Amino acid sequence: MRPSPARTASALADAVRSGSTTAAAVVEESLAAIAHGDGEVHAFVTVLADDARRQAAEVDRRVAAGEDPGPLAGVPVAVKDNLCTRGAPTTCGSRILEGWHPPYDATVVARLRQAGAVVVGKSNMDEFAMGSSTETSAFGPTRNPWDTSRVPGGSSGGSAAAVAAGFVPLALGSDTGGSIRQPAALCGVVGLKPTYGAVSRYGLVAFASSLDQVGPFATSVVDAALLFDVIGGHDPLDSTSLDRLPPRMASVVGDGVDGLSVGVLTEHLDGAAPDVVRRVHEAAEACAAAGASVEEVSVPEVRYGLSAYYLIAPAEASSNLARYDGVRFGLRVAADDVVAMNTATRTAGFGAEVKRRIMLGTYALSAGYVDAYYNQALRVRTLIAEAFATTYRRFDLLLGPTSPTTAFALGAKLEDPLAMYLSDVCTIPSNLAGHPAISVPFGTGDDGLPVGVQLMAPALAENTLLRAAAVVEAAAALVDGDGNAVGVEEQR
Amino acid sequence: MSGVPGHDGWELVVGLEVHCELKTATKLFCGCPNSFGDEPNTNVCPVCLGLPGSLPVLNQRAVELAMAIGTALHCDIRPSTFHRKNYFYPDMPKDYQISQYDEPINADGWLELPDGARVGIVRAHLEEDTGKTTHAGASGRIHGADYSLVDYNRSGVPLVEIVSAPDLRSPAQARSYAAELRAILVATGASDGKMEEGSMRVDANVSVRRAGSSELGTRCEIKNLNSLRSLAHAVEHEAQRQVEVLESGGVVRQETRHWDEDRGATVTLRSKEEAEDYRYFLEPDLVPVVPDDGWRSAVAEALPPMPAARRRKLGALFGDEPVEPGGARSDQVATVVDLGLDELVEAAVAEGVPAALALARTANEAATDADAARRLPLVSYVALLRMEATGELTATQVKTVLADLLRDGGGDPAELARERGFEALSSEAVAAMVADAIAAHPDEWGRYRSGEDKLTGFFTGAVMKASRGQADGKAVAAELARRRAEP
Amino acid sequence: MSATEGTPAGRLTRQEVAHVAMLARLHLDDEELDRFTGQLAVILDHAADVAALDLDGVPPTSHALSLANVLRADEPRPGLDRDEVLAGAPDVEDHRFRVPRILGEAP
């Protein structure tokens, strides 16, 4: 079933700012939709109804007082549960953080609040963002609003599902190897992974620090740009934050792709399902129709991305997740001595996938293996970055599928880690290179479930990326739900 | 001096690892105060508590103090990076330590000991300190404790770890190196050098080998060296232990040992087999530090003169009389430099006070309250020492007036001397007092005249008592000698 | 790690997995040990393509960024309220974090 999305964030914010509706009314509508539909979808770990009502009242007060309530005035936003929210639970989908209330806000959360947005809840996720289906959450899986027997993708499946189900027009996720784009694709919404360093990581609970990036989910490209404008920009609390402020993106979205060159990445077509490949070709045709030059391009090095990623990300994770030791916060399982206490706490607090990755990462870094695995993976990272640099001398953008398939059934890959990891094969290279990439819904597959196409661009080329995304989005609107492209021919 | 005390035919090889807390206002990676002795867990934030989501941002002042240390130790100051050293321990909030590993900011330097020997500096790198653990239970120590309590105020305090080459050959030399390094750290302004507060901590790598051998023996690392004295003792005891093991046909095992001050021995902490696998990797939350020439030279230009240069400058005040290493005068020079009182000596000598006198008063008397002495107006100090040099005041009187000056933070020494009733006794007055003493003690005088020299003290004491301490002891002794020589 | 040389071409052993679990402070029961050994071996086999590449002379990339000298002025910032910090702790005594006995000295 095609779910009906909420009104766009820009429309809602305009209505609140102009006084034609109130933030309180907008937020009540969102809370009612969650109350009605989240029992089935389970997009949220925590709904912050009281907090949301307080924030909405404050926005309305500012509007009434003639103050600027901010560009996202009264817009309900779902925040992935690995972003710290002061005084509100932040679980990362893990038992080990159950009951922990961070004493501070993540920079992106603080910027949301400053912009007048209202955080209505913390969205479900794979435990510590490790997963591609939101099934590894300790608090139960999220279901795909299009078909609740299917996964929403992951790890930001709660955020993607919350937007797809119409609970909220905007959500924040994090993307380490595709955790924004893949669930966006599987849920039929827009998801942007910005350039590494474009958005502050301060207050994002780390999975793999050199790859993690916070980004927006939205029902439209322009809404995604609007949210990116709010959360992006330099943060002195994050040493890896870029000090070049990105230009306002929302204003360039309509600029088109005339004169741009788009490469269709053949390596990403190779393993993808035929119905997904067909959609990618249609999106490429749409770009060509809008004036871009389009041709296929091969970047063989991206084939090594998955292996490199599944050594680098677990290695960093094994270190980032050491602090969950039962000493300062979160879960503690009592034992006679501190080593036994650490071990009992971690054994009880982490789920199987997190343990698997900690083990993999610890092994990849351990004496005798670090050169063969971890250091080798870092060299592959160089190869991929250099190959992209060469490719981007010829192309402004690359295009391909976001995910090799549409949403798969719950439980289908849970016991086969490698099959699950392969879900990220198209999204991982951008993380390794630190480049921006976006998933835009483009019709459905043979199963009637949404297909996402991925656009990739070099570092800090979000503006180009969003322009092309808007062109693809416009073409997608002319595609029917049965998997047949309509309108592309007519458009020509 | 070199060798293993009590064991001929063996050579001692020592390298020291010194951790020095930097005197910054804030911690290495966050804005929490770097302050010793505050209420537990009051100087903490998400970063130094290792809370999920927190990120480190490097303190510029800490980098510059590390560069200052590197400059003072003649190191190459290089582009550097931070790694994570992974190990679980409750005083380590993230369960990894951020430390410079294969690309330290300073490498390949040297330190010159007061005896002229040069000790290689392998590296001097930045890292973060841990929190502080208190052990509850009867012993108050880690072994036998029922449980422990952790305070993270110290967590994230900036440290520079200075690793020497294995160039030290005796316990005394190890001690001399640590003392000299401390003086350098204090002179750079990087550290207060307080070993008792843990702001300077020393570990020693000790091995022994047959004299004449060029191969290094198996080394043991000795921890818990809380003073220069315990450093020298621990090195000596450990060397003797190793020699005894080897002489009885055993092998020294590579291990970490703990110096037990009470027992005067080192005990095993852990063997190499138990060594951790730290799984070092580049810290992804930080970016490299790449000092350019401008930054390097700005740090170098801001550096005050180092102790060795200052000692040479003080030594030069003695002109042709060299300051013998290890002698009393050399100790006085070292004391003056350690306490930063060079200026007092130099100013006094510039105004005509004999160098020996200026050095002695500064190292012996001014040094008793060095903080006050450093604040003393030079003009007051110099005027006072001139009064002693010209014989206006006796040594005893000068010491009394100096104490007044230090107490008051300055003043006119002549005025203070008058208030104390100190007036230089004329030689006639001294002669009269000596005559009175002789008249009062005819028996003793007779024995003194017949050669019983030790009675000098008896008569001097009597004159001092009569003058209420104002007589100059040297003048009294001279008058006694003159009278004895009379026919 | 054990004294054995790294053998990425060889199969991951149960003993190695047990050692890694110890390093990571995780307890695996026999069944988990078997399952993890199998699963990790499959993933490492997949990574064998990467391990087998001849990349001599290719520098490692730890980070996509080319930033350097990101520094903070040495100025105090307000920290956290102690009561708020300790409220989230599993066990507290005397304003400190309480932990069970520690059996070994810090490395």
# chains A, B, ... in the order shown; residues from 1 in each chain; ligands from 1
>>> residues_around(residues="segment 77-81 of chain C", least_positions_apart="3", cutoff="9 Å", atoms="only C-alpha atoms", output="list in words")
Pro103 and Tyr104 of chain A; Thr26, Cys30, Gly31, Cys32, Pro33, Thr42, Asn43, Val44, Cys45 and Pro46 of chain B; Glu84, Val85 and Leu86 of chain C
>>> write_last_selection(atoms="N, CA and C atoms", output="PDB file, in the first residue's frame")
ATOM      1  N   PRO A 103      23.235  14.298  29.311  1.00  0.00           N
ATOM      2  CA  PRO A 103      23.154  15.630  29.910  1.00  0.00           C
ATOM      3  C   PRO A 103      23.408  16.750  28.899  1.00  0.00           C
ATOM      4  N   TYR A 104      23.357  16.435  27.621  1.00  0.00           N
ATOM      5  CA  TYR A 104      23.591  17.488  26.618  1.00  0.00           C
ATOM      6  C   TYR A 104      22.891  17.141  25.312  1.00  0.00           C
TER       7      TYR A 104
ATOM      8  N   THR B  26      43.173  24.625  30.787  1.00  0.00           N
ATOM      9  CA  THR B  26      42.131  23.623  30.548  1.00  0.00           C
ATOM     10  C   THR B  26      42.757  22.304  30.109  1.00  0.00           C
ATOM     11  N   CYS B  30      39.213  19.270  26.062  1.00  0.00           N
ATOM     12  CA  CYS B  30      37.951  19.933  26.410  1.00  0.00           C
ATOM     13  C   CYS B  30      38.250  21.153  27.270  1.00  0.00           C
ATOM     14  N   GLY B  31      37.230  21.955  27.517  1.00  0.00           N
ATOM     15  CA  GLY B  31      37.418  23.213  28.237  1.00  0.00           C
ATOM     16  C   GLY B  31      37.303  23.102  29.749  1.00  0.00           C
ATOM     17  N   CYS B  32      37.344  21.879  30.297  1.00  0.00           N
ATOM     18  CA  CYS B  32      37.291  21.736  31.755  1.00  0.00           C
ATOM     19  C   CYS B  32      38.592  22.229  32.373  1.00  0.00           C
ATOM     20  N   PRO B  33      38.505  22.849  33.570  1.00  0.00           N
ATOM     21  CA  PRO B  33      39.722  23.348  34.214  1.00  0.00           C
ATOM     22  C   PRO B  33      40.720  22.222  34.498  1.00  0.00           C
ATOM     23  N   THR B  42      34.132  17.472  39.767  1.00  0.00           N
ATOM     24  CA  THR B  42      33.579  18.809  39.533  1.00  0.00           C
ATOM     25  C   THR B  42      34.146  19.436  38.256  1.00  0.00           C
ATOM     26  N   ASN B  43      35.284  18.947  37.777  1.00  0.00           N
ATOM     27  CA  ASN B  43      35.857  19.485  36.532  1.00  0.00           C
ATOM     28  C   ASN B  43      35.662  18.468  35.408  1.00  0.00           C
ATOM     29  N   VAL B  44      34.409  18.192  35.095  1.00  0.00           N
ATOM     30  CA  VAL B  44      34.121  17.156  34.089  1.00  0.00           C
ATOM     31  C   VAL B  44      33.046  17.638  33.114  1.00  0.00           C
ATOM     32  N   CYS B  45      33.094  17.061  31.920  1.00  0.00           N
ATOM     33  CA  CYS B  45      32.113  17.384  30.868  1.00  0.00           C
ATOM     34  C   CYS B  45      31.939  16.115  30.026  1.00  0.00           C
ATOM     35  N   PRO B  46      31.054  16.133  29.016  1.00  0.00           N
ATOM     36  CA  PRO B  46      30.862  14.911  28.217  1.00  0.00           C
ATOM     37  C   PRO B  46      32.170  14.374  27.632  1.00  0.00           C
TER      38      PRO B  46
ATOM     39  N   GLU C  84      24.067  15.916  38.149  1.00  0.00           N
ATOM     40  CA  GLU C  84      23.480  15.402  36.911  1.00  0.00           C
ATOM     41  C   GLU C  84      24.336  14.253  36.361  1.00  0.00           C
ATOM     42  N   VAL C  85      25.659  14.428  36.457  1.00  0.00           N
ATOM     43  CA  VAL C  85      26.581  13.395  35.966  1.00  0.00           C
ATOM     44  C   VAL C  85      26.411  12.111  36.778  1.00  0.00           C
ATOM     45  N   LEU C  86      26.394  12.269  38.096  1.00  0.00           N
ATOM     46  CA  LEU C  86      26.365  11.084  38.960  1.00  0.00           C
ATOM     47  C   LEU C  86      24.985  10.426  38.961  1.00  0.00           C
TER      48      LEU C  86
END
>>> interface_residues(of="chain A", to="chain C", cutoff="6 Å", atoms="only C-alpha atoms", output="number ranges by chain")
A: 210, 239, 307, 328-329, 337-338, 343, 347, 367-369, 372, 378-379, 381-382, 433-434
>>> write_last_selection(atoms="all heavy atoms", output="compact mmCIF listing (two decimals), in the first residue's frame")
# COMPACT_ATOMS: atom_id res chain seq x y z
N SER A 210 35.25 7.80 11.28
CA SER A 210 35.77 8.38 10.04
C SER A 210 34.75 8.27 8.91
O SER A 210 35.01 8.74 7.80
CB SER A 210 37.09 7.72 9.63
OG SER A 210 36.87 6.47 9.03
N SER A 239 36.22 18.44 15.65
CA SER A 239 37.49 18.77 14.96
C SER A 239 37.45 18.42 13.49
O SER A 239 38.28 18.88 12.72
CB SER A 239 38.65 17.99 15.61
OG SER A 239 38.72 18.24 16.97
N SER A 307 34.37 -4.95 1.22
CA SER A 307 35.35 -5.64 2.08
C SER A 307 36.12 -4.64 2.93
O SER A 307 36.34 -4.87 4.13
CB SER A 307 36.34 -6.42 1.23
OG SER A 307 35.68 -7.48 0.59
N ARG A 328 30.30 4.33 34.17
CA ARG A 328 29.87 5.73 34.30
C ARG A 328 28.40 5.98 33.96
O ARG A 328 27.82 6.96 34.39
CB ARG A 328 30.73 6.64 33.43
CG ARG A 328 32.15 6.78 33.91
CD ARG A 328 33.06 7.28 32.80
NE ARG A 328 33.00 6.39 31.66
CZ ARG A 328 33.67 5.23 31.58
NH1 ARG A 328 34.48 4.87 32.55
NH2 ARG A 328 33.52 4.44 30.55
N PHE A 329 27.81 5.15 33.09
CA PHE A 329 26.44 5.41 32.64
C PHE A 329 25.86 4.11 32.09
O PHE A 329 26.60 3.17 31.80
CB PHE A 329 26.41 6.48 31.53
CG PHE A 329 27.37 6.18 30.41
CD1 PHE A 329 27.03 5.31 29.40
CD2 PHE A 329 28.64 6.75 30.40
CE1 PHE A 329 27.92 5.00 28.38
CE2 PHE A 329 29.55 6.45 29.38
CZ PHE A 329 29.18 5.57 28.38
N ASP A 337 34.55 -8.49 40.45
CA ASP A 337 35.67 -7.60 40.16
C ASP A 337 35.37 -6.83 38.89
O ASP A 337 34.40 -7.13 38.19
CB ASP A 337 36.98 -8.38 40.04
CG ASP A 337 37.00 -9.27 38.83
OD1 ASP A 337 37.26 -8.76 37.73
OD2 ASP A 337 36.71 -10.48 38.97
N VAL A 338 36.20 -5.84 38.59
CA VAL A 338 35.83 -4.89 37.55
C VAL A 338 35.88 -5.53 36.16
O VAL A 338 35.03 -5.23 35.31
CB VAL A 338 36.69 -3.60 37.68
CG1 VAL A 338 38.07 -3.76 37.09
CG2 VAL A 338 35.99 -2.42 37.06
N THR A 343 32.71 -7.36 31.59
CA THR A 343 32.38 -8.46 30.67
C THR A 343 30.90 -8.84 30.78
O THR A 343 30.22 -8.99 29.77
CB THR A 343 33.29 -9.68 30.96
OG1 THR A 343 34.66 -9.23 30.91
CG2 THR A 343 33.07 -10.78 29.94
N THR A 347 28.30 -8.31 27.76
CA THR A 347 27.71 -9.54 27.24
C THR A 347 26.19 -9.47 27.30
O THR A 347 25.50 -9.87 26.36
CB THR A 347 28.24 -10.75 28.04
OG1 THR A 347 29.67 -10.75 27.92
CG2 THR A 347 27.68 -12.06 27.52
N ALA A 367 47.28 -7.49 17.13
CA ALA A 367 48.66 -7.74 16.73
C ALA A 367 48.74 -8.97 15.85
O ALA A 367 48.12 -9.99 16.14
CB ALA A 367 49.52 -7.92 17.98
N GLY A 368 49.47 -8.88 14.76
CA GLY A 368 49.61 -10.01 13.87
C GLY A 368 48.64 -9.96 12.70
O GLY A 368 48.85 -10.60 11.68
N TYR A 369 47.53 -9.19 12.84
CA TYR A 369 46.53 -9.15 11.78
C TYR A 369 46.29 -7.75 11.25
O TYR A 369 45.69 -7.56 10.20
CB TYR A 369 45.21 -9.75 12.28
CG TYR A 369 45.39 -11.19 12.67
CD1 TYR A 369 45.71 -11.55 13.97
CD2 TYR A 369 45.31 -12.19 11.70
CE1 TYR A 369 45.93 -12.86 14.31
CE2 TYR A 369 45.52 -13.51 12.03
CZ TYR A 369 45.84 -13.86 13.35
OH TYR A 369 46.06 -15.14 13.68
N ALA A 372 47.48 -7.09 7.64
CA ALA A 372 46.77 -7.83 6.59
C ALA A 372 45.34 -7.32 6.42
O ALA A 372 44.81 -7.35 5.31
CB ALA A 372 46.74 -9.31 6.94
N LEU A 378 42.75 0.34 4.66
CA LEU A 378 42.99 1.78 4.52
C LEU A 378 43.65 2.10 3.18
O LEU A 378 43.42 3.16 2.60
CB LEU A 378 43.87 2.29 5.66
CG LEU A 378 43.30 2.19 7.08
CD1 LEU A 378 44.28 2.81 8.08
CD2 LEU A 378 41.95 2.92 7.18
N ARG A 379 44.45 1.18 2.69
CA ARG A 379 45.07 1.39 1.37
C ARG A 379 44.01 1.27 0.27
O ARG A 379 44.04 2.01 -0.71
CB ARG A 379 46.20 0.39 1.15
CG ARG A 379 47.38 0.66 2.05
CD ARG A 379 48.62 -0.14 1.67
NE ARG A 379 49.69 0.18 2.59
CZ ARG A 379 49.89 -0.46 3.75
NH1 ARG A 379 49.13 -1.50 4.08
NH2 ARG A 379 50.85 -0.07 4.56
N ARG A 381 41.03 2.08 0.64
CA ARG A 381 40.31 3.34 0.74
C ARG A 381 40.98 4.41 -0.14
O ARG A 381 40.31 5.19 -0.81
CB ARG A 381 40.29 3.78 2.20
CG ARG A 381 39.26 4.80 2.51
CD ARG A 381 39.14 5.04 4.00
NE ARG A 381 38.15 6.08 4.21
CZ ARG A 381 37.79 6.53 5.39
NH1 ARG A 381 38.34 6.04 6.49
NH2 ARG A 381 36.90 7.49 5.50
N THR A 382 42.30 4.41 -0.13
CA THR A 382 43.05 5.33 -0.99
C THR A 382 42.74 5.04 -2.46
O THR A 382 42.50 5.97 -3.24
CB THR A 382 44.56 5.17 -0.73
OG1 THR A 382 44.81 5.29 0.66
CG2 THR A 382 45.37 6.21 -1.51
N ALA A 433 34.91 7.47 0.67
CA ALA A 433 35.53 8.64 0.05
C ALA A 433 35.16 9.93 0.76
O ALA A 433 35.76 10.97 0.51
CB ALA A 433 35.11 8.72 -1.41
N GLY A 434 34.16 9.89 1.66
CA GLY A 434 33.71 11.10 2.35
C GLY A 434 32.85 11.99 1.47
O GLY A 434 32.67 13.17 1.75
>>> atom_distance(atom1="atom CA of Val205 of chain A", atom2="atom CA of Lys413 of chain A")
25.5 Å
>>> select_by_dssp(residues="segment 226-450 of chain A", states="strand (DSSP E)", output="count of residues only")
24
>>> select_by_dssp(residues="segment 298-474 of chain B", states="alpha helix (DSSP H)", output="PyMOL selection string")
chain B and resi 298-301+307-316+328-339+342-350+355-360+370-375+378-389+395-408+413-419+427-440+442-449+455-466+473-474
>>> residues_around(residues="segment 242-255 of chain B", least_positions_apart="2", cutoff="6 Å", atoms="only C-alpha atoms", output="list in words")
Thr218, Arg219, Cys220, Ala239, Gln240, Arg270, Ser271 and Lys272 of chain B
>>> closest_residue(among="C:Asp94, C:Asp83, C:Pro76, C:Arg11", to="chain B", atoms="only C-alpha atoms")
C:Pro76
>>> closest_residue(among="B:Asn226, B:Thr335, B:Asn41, B:Ser427", to="chain A", atoms="only C-alpha atoms")
B:Asn41
>>> interface_residues(of="chain A", to="chain B", cutoff="6 Å", atoms="only C-alpha atoms", output="VMD selection string")
chain A and resid 202 to 206 209 to 210 239 322 to 323 365 to 366
>>> write_last_selection(atoms="C-alpha atoms", output="PDB file, in the first residue's frame")
ATOM      1  CA  TYR A 202      29.074  16.269  18.171  1.00  0.00           C
ATOM      2  CA  GLY A 203      26.419  14.348  20.077  1.00  0.00           C
ATOM      3  CA  LEU A 204      26.068  11.644  17.437  1.00  0.00           C
ATOM      4  CA  VAL A 205      26.891   8.426  19.260  1.00  0.00           C
ATOM      5  CA  ALA A 206      29.816   7.109  17.267  1.00  0.00           C
ATOM      6  CA  SER A 209      33.998   7.947  13.377  1.00  0.00           C
ATOM      7  CA  SER A 210      35.766   8.384  10.037  1.00  0.00           C
ATOM      8  CA  SER A 239      37.488  18.766  14.965  1.00  0.00           C
ATOM      9  CA  ALA A 322      34.636   0.121  24.534  1.00  0.00           C
ATOM     10  CA  ARG A 323      33.234   2.843  26.796  1.00  0.00           C
ATOM     11  CA  LEU A 365      43.237  -4.390  14.714  1.00  0.00           C
ATOM     12  CA  SER A 366      44.954  -7.041  16.797  1.00  0.00           C
TER      13      SER A 366
END
>>> residues_around(residues="Leu185 of chain B", least_positions_apart="4", cutoff="12 Å", atoms="only C-alpha atoms", output="MDAnalysis selection string")
chainID B and resid 18:23 65:73 111 124 159:162 178:181 189:194 199:200 303:307 338
>>> closest_residue(among="A:Leu414, A:Ala364, A:Val214, A:Ala334", to="Leu12 of chain C", atoms="only C-alpha atoms")
A:Ala364
>>> closest_residue(among="A:Val120, A:Leu399, A:Val221, A:Cys426", to="His268 of chain A", atoms="only C-alpha atoms")
A:Cys426
>>> residues_around(residues="Glu40 of chain A", least_positions_apart="6", cutoff="9 Å", atoms="only C-alpha atoms", output="list in words")
Thr142, Arg143, Pro145 and Thr148 of chain A
>>> decode(residues="segment 4-86 of chain C", atoms="C-alpha atoms", output="compact mmCIF listing (two decimals), in the first residue's frame")
# COMPACT_ATOMS: atom_id res chain seq x y z
CA THR C 4 51.38 -17.27 15.95
CA GLU C 5 51.87 -15.22 12.82
CA GLY C 6 48.90 -13.63 11.13
CA THR C 7 47.49 -16.04 8.60
CA PRO C 8 44.74 -14.19 6.77
CA ALA C 9 44.71 -16.89 4.14
CA GLY C 10 44.08 -19.52 6.77
CA ARG C 11 40.83 -20.19 8.56
CA LEU C 12 39.97 -18.32 11.72
CA THR C 13 40.20 -20.65 14.70
CA ARG C 14 37.92 -21.02 17.67
CA GLN C 15 40.87 -20.22 19.97
CA GLU C 16 41.48 -16.94 18.16
CA VAL C 17 37.83 -15.99 18.48
CA ALA C 18 37.94 -16.77 22.20
CA HIS C 19 41.05 -14.61 22.58
CA VAL C 20 39.45 -11.74 20.70
CA ALA C 21 36.35 -12.01 22.90
CA MET C 22 38.59 -11.70 25.94
CA LEU C 23 40.26 -8.58 24.50
CA ALA C 24 36.81 -7.10 23.79
CA ARG C 25 35.47 -7.99 27.25
CA LEU C 26 32.73 -10.22 25.87
CA HIS C 27 31.81 -13.68 27.14
CA LEU C 28 30.82 -16.21 24.50
CA ASP C 29 29.38 -19.56 25.45
CA ASP C 30 30.34 -22.66 23.44
CA GLU C 31 27.46 -22.37 21.02
CA GLU C 32 28.17 -18.65 20.38
CA LEU C 33 31.84 -19.39 19.98
CA ASP C 34 31.07 -21.90 17.23
CA ARG C 35 28.56 -19.64 15.51
CA PHE C 36 30.83 -16.56 15.64
CA THR C 37 33.82 -18.51 14.42
CA GLY C 38 31.85 -19.62 11.37
CA GLN C 39 30.29 -16.23 10.65
CA LEU C 40 33.50 -14.25 11.11
CA ALA C 41 35.35 -16.70 8.89
CA VAL C 42 32.79 -16.15 6.09
CA ILE C 43 33.18 -12.38 6.38
CA LEU C 44 36.98 -12.62 6.46
CA ASP C 45 36.91 -14.93 3.45
CA HIS C 46 34.97 -12.25 1.62
CA ALA C 47 37.65 -9.76 2.67
CA ALA C 48 40.34 -12.04 1.28
CA ASP C 49 40.13 -10.15 -2.04
CA VAL C 50 41.27 -7.04 -0.22
CA ALA C 51 43.90 -8.85 1.83
CA ALA C 52 45.32 -10.36 -1.34
CA LEU C 53 45.75 -7.09 -3.26
CA ASP C 54 49.32 -5.96 -3.86
CA LEU C 55 49.19 -2.44 -2.50
CA ASP C 56 52.85 -1.78 -1.80
CA GLY C 57 53.46 1.92 -2.16
CA VAL C 58 49.80 2.88 -1.77
CA PRO C 59 49.52 5.12 1.29
CA PRO C 60 46.72 4.38 3.77
CA THR C 61 43.78 6.77 4.02
CA SER C 62 42.41 6.96 7.54
CA HIS C 63 40.29 9.94 6.83
CA ALA C 64 38.58 11.54 3.86
CA LEU C 65 39.50 14.98 5.21
CA SER C 66 42.62 16.99 4.51
CA LEU C 67 42.31 19.24 7.54
CA ALA C 68 45.21 20.04 9.88
CA ASN C 69 45.82 22.17 12.98
CA VAL C 70 42.26 22.27 14.26
CA LEU C 71 42.87 23.82 17.65
CA ARG C 72 40.96 25.30 20.54
CA ALA C 73 41.99 28.31 22.65
CA ASP C 74 43.04 27.34 26.20
CA GLU C 75 39.95 28.90 27.74
CA PRO C 76 37.71 27.22 30.30
CA ARG C 77 34.16 26.31 29.33
CA PRO C 78 31.42 25.38 31.75
CA GLY C 79 31.31 21.64 32.39
CA LEU C 80 28.54 19.43 33.70
CA ASP C 81 26.76 19.64 37.00
CA ARG C 82 28.13 16.91 39.25
CA ASP C 83 24.74 15.75 40.49
CA GLU C 84 23.48 15.40 36.91
CA VAL C 85 26.58 13.40 35.97
CA LEU C 86 26.36 11.08 38.96
